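Some notes on the structure that comes next.
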Amino acid sequence: MLIARLIADPAQNGIGLQARLDAAMDALAKRGMPVAMAHMLDHAGDVLQLALPEGDAGALGQTLEELFAPCDLLISDADIATPHLFVSDMDSTMIGQECIDELADYAGIKLQIAEITERAMQGELDFVSALNERVALLAGLGESEITRCLDERIRPMEGARALVQTLKSKGCKTVLVTGGFHHFADPVAETLGFDLVVANRLEVVDGKLTGGLAGPITDSGVKRATLIEELSKLGDGAIALATGDGANDIPMLEAAHYGIAYHAKPKAKLAANGIIDCGNLTSVLKLLGIPSSEWSGA
């Protein structure tokens with residue numbers, strides 16, 4: 001069985017939702033994946049749910065994206081339920097910025113560092129090497145500039161607090177796991193309400209960044225391992241949700257029951273079974289089937 005939930009513009013390019021649904025059902029039938037049921041969720045009127053007795057999730061997602069893009073989408077091989085664990089990336093997912101790029105602006109080298117960040121997110125560079133290279137360029141920057149950057153530049157992504165707080169109200173454990181830094185992740189997690197933070201730590205001596213890191217590096221493997229470890233603590237049958245946007249998030253997205261790529265890079269989208277391409281983070285709640293009357297922290 002395959003379940004797909006979809007949020008799309010009711011009249012994309014002048015083509016109504018029903019016409020695109022009819023085209024999708026025809027295309028899927030031709031690929032040997034007939035749709036057994038299609039209906040709007042009662043408690044979320046803009047969420048379309050499709051049920052297929054069998055088929056390939058990748059082919060289903062490709063077909064739906066082709067006909068409904070841009071859209072928000074989640075595909076599952078079982079009934080979609082509220083997760084017991086939520087693990088998320090931070091930069092460009094829970095917040096609207098890349099912290100290291102914004103911090104670099106205070107050192108006058110934002111463009112130089114942002115180019116490396118973008119290539120790492122696209123999967124063109126090794127994450128650890130790219131991280132070390134960027135951190136080294138920040139040597140000598142005052143630690144006080146981090147506080148300025150937080151106050152002046154860093155803002156939560158729209159819907160981030162509602163997503164975290166609503167999932168927590170449903171008994172879900174929430175973990176912020178980032179290739180960024182505790183200097184940023186700790187206050188962001190406190191603002192949004194995350195239970196746990198896993199991040200890198202900038203080395204500071206005499207109030208200035210040394211250009212190095214203190215302690216082990218949080219990379220894609222650590223993100224995946226964190227999800228698996230936290231999920232194992234919750235026992236058999238526990239369901240994990242993960243959100244991220246870059247190549248460094250791929251192993252975590254693949255390990256989750258619901259791996260949702262949020263306005264993501266192409267490689268991350270291909271690895272995920274969910275995408276948010278047009279809405280904000282509250283679209284995740286809609287796709288999970290949580291009615292807006294039950295949202296918290298909005």
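In the structure tokens, the first chain shown is A, the next is B, and so on; residue numbers restart at 1 for each chain, and ligands run from 1 in the order shown.
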Near-segment 202-212 of chain A list (8 Å; only C-alpha atoms; drop same-chain fewer than 4 positions) as a list in words: Asn132, Val135, Ala136, Leu137, Leu138, Ala139, Gly140, Leu141, Gly142, Glu143, Ser144, Phe181, His182 and His183 of chain A
Requested write-out: C-alpha atoms of the selected residues, as a compact mmCIF listing (two decimals), in the first residue's frame:
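Final file, part.txt:
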# COMPACT_ATOMS: atom_id res chain seq x y z
CA ASN A 132 37.03 23.37 8.51
CA VAL A 135 35.79 28.11 10.24
CA ALA A 136 39.49 28.76 9.65
CA LEU A 137 38.61 31.92 7.75
CA LEU A 138 36.86 33.26 10.86
CA ALA A 139 40.02 33.21 12.99
CA GLY A 140 40.37 36.38 15.04
CA LEU A 141 36.70 37.34 14.97
CA GLY A 142 35.44 38.42 18.38
CA GLU A 143 33.01 36.10 20.17
CA SER A 144 30.82 39.15 20.80
CA PHE A 181 27.37 25.73 15.99
CA HIS A 182 26.13 25.56 19.59
CA HIS A 183 26.58 29.34 19.86
With 8 Å as the cut-off and only C-alpha atoms counted, what is the closest atom pair between each nearby residue of segment 202-233 of chain A and segment 250-256 of chain A? Distances in Å to one decimal, ordered by chain and number, as a Markdown table.
| residue | atom | partner | partner_atom | distance |
| --- | --- | --- | --- | --- |
| A:Ser220 | CA | A:Pro251 | CA | 6.3 |
| A:Gly221 | CA | A:Pro251 | CA | 6.9 |
| A:Lys223 | CA | A:Met252 | CA | 5.7 |
| A:Arg224 | CA | A:Met252 | CA | 4.2 |
| A:Ala225 | CA | A:Met252 | CA | 7.9 |
| A:Leu227 | CA | A:Met252 | CA | 6.8 |
| A:Ile228 | CA | A:Ala255 | CA | 7.4 |
Atom CA of Gln97 of chain A to atom CA of Glu152 of chain A measures 11.6 Å
I want to know what sits within 9 Å of Val128 of chain A, based on only C-alpha atoms, with residues of the same chain fewer than 3 positions away left out; could you give that as number ranges by chain? A: 125, 131-133, 217-219
Residue subset to file, keeping N, CA and C atoms, as an mmCIF file, in the first residue's frame:
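Saved result, again.cif, follows:
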data_model
loop_
_atom_site.group_PDB
_atom_site.id
_atom_site.type_symbol
_atom_site.label_atom_id
_atom_site.label_comp_id
_atom_site.auth_asym_id
_atom_site.auth_seq_id
_atom_site.Cartn_x
_atom_site.Cartn_y
_atom_site.Cartn_z
ATOM 1 N N LEU A 125 31.014 19.465 -2.395
ATOM 2 C CA LEU A 125 32.222 19.462 -1.564
ATOM 3 C C LEU A 125 32.023 18.543 -0.374
ATOM 4 N N LEU A 131 33.623 22.644 6.082
ATOM 5 C CA LEU A 131 33.393 23.254 7.394
ATOM 6 C C LEU A 131 34.701 23.781 7.970
ATOM 7 N N ASN A 132 35.735 22.951 7.961
ATOM 8 C CA ASN A 132 37.027 23.369 8.514
ATOM 9 C C ASN A 132 37.592 24.574 7.763
ATOM 10 N N GLU A 133 37.407 24.580 6.449
ATOM 11 C CA GLU A 133 37.912 25.697 5.642
ATOM 12 C C GLU A 133 37.211 26.993 6.013
ATOM 13 N N ILE A 217 33.090 16.567 15.287
ATOM 14 C CA ILE A 217 32.317 17.277 14.278
ATOM 15 C C ILE A 217 30.973 16.590 14.046
ATOM 16 N N THR A 218 29.925 17.389 13.999
ATOM 17 C CA THR A 218 28.595 16.893 13.651
ATOM 18 C C THR A 218 28.446 16.961 12.138
ATOM 19 N N ASP A 219 28.507 15.794 11.505
ATOM 20 C CA ASP A 219 28.372 15.728 10.055
ATOM 21 C C ASP A 219 27.148 14.892 9.704
#
Considering only C-alpha atoms, can you say which of A:Ser169, A:Ser88, A:Ser129, A:Thr191 comes closest to Ala261 of chain A?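 Ranked by minimum distance to Ala261 of chain A, first place goes to A:Ser88.
Nearest residue to Tyr262 of chain A among A:Ala104, A:Leu213, A:Ile95, A:Leu2 is A:Ile95, counting only C-alpha atoms.
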Please, what distance in Å, to one decimal, runs between atom CA of Ala264 of chain A and atom CA of Phe68 of chain A? 17.1 Å
Quick one: which segment 111-183 of chain A residues come within 8 Å of segment 277-284 of chain A, and what is the nearest atom pair for each with the distance in Å to one decimal, counting only C-alpha atoms, rows ordered by chain and ascending number, as JSON lines?
{"residue": "A:Met157", "atom": "CA", "partner": "A:Leu281", "partner_atom": "CA", "distance": 7.5}
{"residue": "A:Glu158", "atom": "CA", "partner": "A:Asn280", "partner_atom": "CA", "distance": 5.8}
{"residue": "A:Gly159", "atom": "CA", "partner": "A:Leu281", "partner_atom": "CA", "distance": 4.7}
{"residue": "A:Ala160", "atom": "CA", "partner": "A:Leu281", "partner_atom": "CA", "distance": 5.7}
{"residue": "A:Ala162", "atom": "CA", "partner": "A:Thr282", "partner_atom": "CA", "distance": 6.8}
{"residue": "A:Leu163", "atom": "CA", "partner": "A:Thr282", "partner_atom": "CA", "distance": 6.0}
Mind writing the picked residues with C-alpha atoms as an mmCIF file, in the first residue's frame?
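Output contents, as saved in part_23.cif:
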data_model
loop_
_atom_site.group_PDB
_atom_site.id
_atom_site.type_symbol
_atom_site.label_atom_id
_atom_site.label_comp_id
_atom_site.auth_asym_id
_atom_site.auth_seq_id
_atom_site.Cartn_x
_atom_site.Cartn_y
_atom_site.Cartn_z
ATOM 1 C CA MET A 157 11.562 30.018 9.650
ATOM 2 C CA GLU A 158 7.844 30.696 9.298
ATOM 3 C CA GLY A 159 5.920 27.958 11.079
ATOM 4 C CA ALA A 160 8.974 26.582 12.910
ATOM 5 C CA ALA A 162 4.244 25.929 15.593
ATOM 6 C CA LEU A 163 5.728 22.721 14.179
#
Would you give me, as JSON lines, each residue of segment 176-278 of chain A having an atom within 10 Å of an atom of segment 50-59 of chain A, along with its shortest atom pair and that distance in Å to one decimal, using only C-alpha atoms and sorting by chain and residue number?
{"residue": "A:Leu270", "atom": "CA", "partner": "A:Gly58", "partner_atom": "CA", "distance": 8.7}
{"residue": "A:Ala271", "atom": "CA", "partner": "A:Gly58", "partner_atom": "CA", "distance": 9.7}
{"residue": "A:Ala272", "atom": "CA", "partner": "A:Gly58", "partner_atom": "CA", "distance": 9.6}
{"residue": "A:Asn273", "atom": "CA", "partner": "A:Ala57", "partner_atom": "CA", "distance": 7.8}
Nearest to Arg20 of chain A: which of A:Thr166, A:Gln49, A:Ile7, A:Leu67 is it, counting only C-alpha atoms?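 Under the stated criterion, the closest residue is A:Leu67.
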